[in-house]
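*Asks:* The structure follows.
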Amino acid sequence: MRINSYLPLFLLIFLQAQGQNHPLVVKDSLAQMAWVENQYANMSLEEKIGQLFMVSVASNQGPSATEKVKDLVREQHIGGVIFLVGGPVQQARLTNEYQAESKVPLLIGSDAEWGLAMRLDSTYAFPWNMTLGAIQDSSVVEKVGHQIGKHAKRLGVHINFAPDLDVNNNPQNPIIGNRSFGEDPKNVARKGRAFIRGMERAGVLSSGKHFPGHGDTATDSHKALPIIGSSLERLDSIELYPFKRAMEAGLSSTMVAHLDVPSLESREGHPSTLSKSIVTGLLKNQMGFKGLVITDALNMKAVSGFAPEGKVALEAFLAGNDMLLMPENVLKSKETFVQAYDQGAITEERLAESVKKILMAKYKVGLYDYRPVAMEGLVGDLNGIENDVIYEEAIEAAITVAKNNFALMPIKKLDNKKIAYVHFGDDSGDTYYTTLNKYHKVTHINAKDIAQYKKELADYNLVIIGFHKDNSSPWKGYTFSKNELFWMEEISRLRTSNTILALFARPYALLDVLNFDTMDGLVVGYQNSGVAQEKVAEVIFGAIGATGKLPVSAHNEFPVGTGVDVEPIQRLGYSIPERVGMSSRMLAEVDSLVQDGLDSLMFPGAQVLIARRGKVIYDKNFGRPTYRSTDSITGESIYDLASLTKILSTLPMIMKMEEEGDIALNDTFKDLIPEYADTELKDVSVLKALSHYGRLPSWIAFYLDTLSEDRKPSSEFYRQNPSEAFPYKVAEHLYLTRSYKDSIYSRIGRQSLKSNRYRYSDVGYYVFKEYIEKTYQRPIDELVDEFLYRPMGLQRTTFNPLKKFSKQEIVPTEEDDYFRYQTVQGYVHDMGAAMQGGVGGHAGLFSTANEVAKIMQMYLQGGYYGGERFFDSRTIKRFNTCYFCNKNVRRGVGFDKPQLEDKGPTCGCVSRKSFGHSGFTGTYTWADPDEEIVYVFISNRTYPSATNTLLIKSGLRTRIQQAIYDSIIN
């Protein structure tokens, strides 16, 4: 084929070389050449010149602005448009309108360094480059670049003026700062290359900026011309280094900055954009860059006043730039170009070089086969859940622990921690505070002066300071106030406590801190987004680790590269379903099922929690405490767990005793309680009783014997006020006689064993409770709290919750009209447990879904949680074994197990290794080691009456379980 003689030789070589990794070369180079040559051959001089210009438009501008751009497209044949502020729908519509007017499809550009949200509403904002610079795994940065590229492609944007390759080695830089990957040239290069790979893989052209490097300046080039006074040697090793490495990675274009660089341009005050020695001599000749060379905006003050209107663009072109961005006056600029061409200042060869490079770029992004932007589903496509997955992964990877004295983070030994939170900064820290409280009780201290802070904090042994600054843009303020600096130093000097500072702002904020001698921990979250707040809290408590390194020098004590790796200690984290291979869309079925339960009056309210792979991915609250309540159920609403008490309280103590040799599975009831040696119960073993294979009666209605003839509590057994003789509080103003405890155990001893081997029974748990308490000489509620709940940081898991919480925090269980004759709220619903003062081996525990999940997760992790090993993994396995499956008994040792036939306690979709339990009041929890799933459902289906069995008959809890498994992405 005939090649136009004006096609530059170096481009011919690149186009004809098969397999060449050049940014403007596509696989079918011959087709590209043909298209480029055909377009160029059919252009007039004015049309060729028009291709050099890319004008700006804001999609939120009025009709007159739109028509002006259309005129430029039709009459001046401009090569492209860069969209500024507005919204995605308006931009897509305008893109289609402008393209319809253009003879050669327009190259659409955008500034989307951290996503389209840099310019547009209703679009997604990814982490800033400074945040990405802290990440050690560059593949995460590539994912971000790819997702931003996909968004740009979907919106019809062909070139994204990103990434910013400036090495930000000046903390006072007013315009770069967070837009830079940092101050280490090699790190900037690595992250820049990764971003480019991702974005180009999505089919969008990259643009490295701001050449030759805008990082070492304290001047905003939008307002004046910054000076870069570096030597050639320094420029080569620092500022230029990321650009060299990016070019090797296939950088499509380079944006030239408006800078005064004396070591590269001898003319004083001459902008780099207009410097032939910089653009042609350095960038194109010495560095060998063959891609598009684009100016920074020519309407910026640093360059706009350098020459008369219309001539700045010409100077930029003559310097070697290909595409001229946002000229002040296209018409006048074109006039000067035509004059320059006629006078020989612009040769046809020079014009062809730039225009054909622009056309090749258009071919590469598919404009040889232009298709309008599809409008349907646009906003949804730009805001999909995959964005949240990538954002969360990036934030997690960036979090940097810069100081960690005494290995303070992650926090262990929660039972001896009293923690306070102090909020600094002018933005919200609500998500941070809420997440901290998911791990341990944290008290928000808000004082007016340092004297009050010292007084309020005196009772705490750990103070966590959160510094929260506006996250809406990377240019927002980031510094501490004078008061905050003083208060922080004084708080960190308190001898009664350790101090951790969590910084939700750019690292440069730390430069104002005099010293960190008395600060024990420092963790940098970089941004104040909700995800960053949540993830920093998770690092502090060990749900996730931290591997980030400071991308800039933040203080004399914290130079660039500082970062202490922190390992997670397997506490539950919080995330979204897609992070753990589940579908948010499919999990929406759980919402529908629970709502059906509410609408069908199965229960007034409920909590539902789902965790997978150590992350809570569904945690919702439904309905109200009662049908007449005005308040809603929250994550802190406390429920009566009923029989979940068995596996969350009594069973842990038995497992502990079994490990320590204080009980054995083959021990019998006569071994535990010698008084049973002459009863039928004497040979019932611990194993059989826990497996519900001991022929024990299901339950004993002890309370009936304490009622008078009118079926009210008899004065023989009850008093309205407590005393030494009547200590057991059964309900409000109802105290049971001390002597009745012996009656309970005596009656158990008189029971006959049942004929059928398998019978679910509470009775064995009375025996286990008695044995545990006699062995330790302490109440079981105190024992399990000390052994398990407090070390795990469980704050709302307790027996007799009214001793710790207000009645309003506890969900009522029943309107009792057969025993206590009052609203049962804060007192255990089970009558037998109530008659033991609220503490039964089989019932009496209250908690929340979140805290139940933690105990189940501990079991799932083989007895390990939060840096503590509560059980040997072999113990968990031993108790999670079905010893009588060959007898058609599905039960494990204390744990319920999946059904052996069609019907049973699960959806039938769980693994044989799974385990859990259900409770009379409408509670259910199940854990599956194979799928690493924990599921908790808590309701008060017994309110107002325990005769309401709709929840049980509906199978709702296991239908929800089925929906959970259906949502797993295969």
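By convention in this document, the chains of the structure tokens carry letters A, B, ... by their order, each chain's residues are numbered from 1, and ligands are numbered from 1 in the order they are shown.
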Quick one: residues within 6 Å of range 647-655 of chain A, only C-alpha atoms, excluding same-chain residues fewer than 3 positions away - as a list in words?

*Replies:*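 Selected residues are Leu644, Glu658 and Gly841 of chain A.
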
*Asks:* With C-alpha atoms retained, write the just-selected residues as an mmCIF file, in the first residue's frame.

*Replies:*
```cif
data_model
loop_
_atom_site.group_PDB
_atom_site.id
_atom_site.type_symbol
_atom_site.label_atom_id
_atom_site.label_comp_id
_atom_site.auth_asym_id
_atom_site.auth_seq_id
_atom_site.Cartn_x
_atom_site.Cartn_y
_atom_site.Cartn_z
ATOM 1 C CA LEU A 644 -28.339 -21.008 72.702
ATOM 2 C CA GLU A 658 -12.517 -31.670 79.756
ATOM 3 C CA GLY A 841 -27.242 -24.329 82.364
#
```

*Asks:* Could you please write out, as a list in words, every residue of range 150-232 of chain A that DSSP assigns to alpha helix (DSSP H)?

*Replies:* Lys150, His151, Ala152, Lys153, Arg154, Pro185, Lys186, Asn187, Val188, Ala189, Arg190, Lys191, Gly192, Arg193, Ala194, Phe195, Ile196, Arg197, Gly198, Met199, Glu200, Arg201 and Leu232 of chain A

*Asks:* Find the spatial neighbours of Lys682 in chain A, counting only C-alpha atoms, within a cut-off of 7 Å - ignore same-chain residues fewer than 4 positions away - and output them as a ChimeraX atom specification.

*Replies:* /A:668-670,676-678

*Asks:* Write the residues you've just listed into a file as a compact mmCIF listing (two decimals), in the first residue's frame, and include N, CA and C atoms for each of them.

*Replies:*
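out_4.txt written:
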```txt
# COMPACT_ATOMS: atom_id res chain seq x y z
N THR A 668 -20.24 -40.40 84.36
CA THR A 668 -21.69 -40.56 84.47
C THR A 668 -22.25 -39.56 85.48
N PHE A 669 -23.59 -39.47 85.51
CA PHE A 669 -24.23 -38.54 86.43
C PHE A 669 -23.88 -38.85 87.88
N LYS A 670 -23.68 -40.13 88.21
CA LYS A 670 -23.32 -40.45 89.60
C LYS A 670 -21.91 -39.97 89.92
N TYR A 676 -26.92 -39.06 93.01
CA TYR A 676 -27.68 -39.76 91.98
C TYR A 676 -27.25 -41.22 91.82
N ALA A 677 -26.39 -41.70 92.73
CA ALA A 677 -25.86 -43.07 92.60
C ALA A 677 -26.95 -44.12 92.67
N ASP A 678 -28.03 -43.83 93.37
CA ASP A 678 -29.10 -44.82 93.52
C ASP A 678 -30.33 -44.47 92.69
```

*Asks:* Please, which residues in range 705-818 of chain A fall within 12 Å of range 886-890 of chain A when counting only C-alpha atoms, and what is the closest atom pair and distance in Å to one decimal for each, ordered by chain then residue number, as a Markdown table?

*Replies:*
```
| residue | atom | partner | partner_atom | distance |
| --- | --- | --- | --- | --- |
| A:Asn756 | CA | A:Val889 | CA | 11.4 |
| A:Arg757 | CA | A:Val889 | CA | 8.9 |
| A:Tyr758 | CA | A:Val889 | CA | 6.6 |
| A:Arg759 | CA | A:Val889 | CA | 9.4 |
| A:Tyr760 | CA | A:Val889 | CA | 10.4 |
```

*Asks:* Under the rule that only C-alpha atoms are counted, which of A:Lys356, A:Lys311, A:Arg234, A:Arg750 is the nearest residue to Gly291 in chain A?

*Replies:* A:Lys356

*Asks:* Would you tabulate, counting only C-alpha atoms, all residues of range 513-589 of chain A that have an atom at most 8 Å from an atom of range 119-130 of chain A, showing the closest pair of atoms and their distance in Å to one decimal, sorted by chain then ascending number, as CSV?

*Replies:*
```
residue,atom,partner,partner_atom,distance
A:Tyr526,CA,A:Met130,CA,7.8
A:Gln527,CA,A:Pro127,CA,7.9
A:Pro551,CA,A:Met130,CA,6.8
```
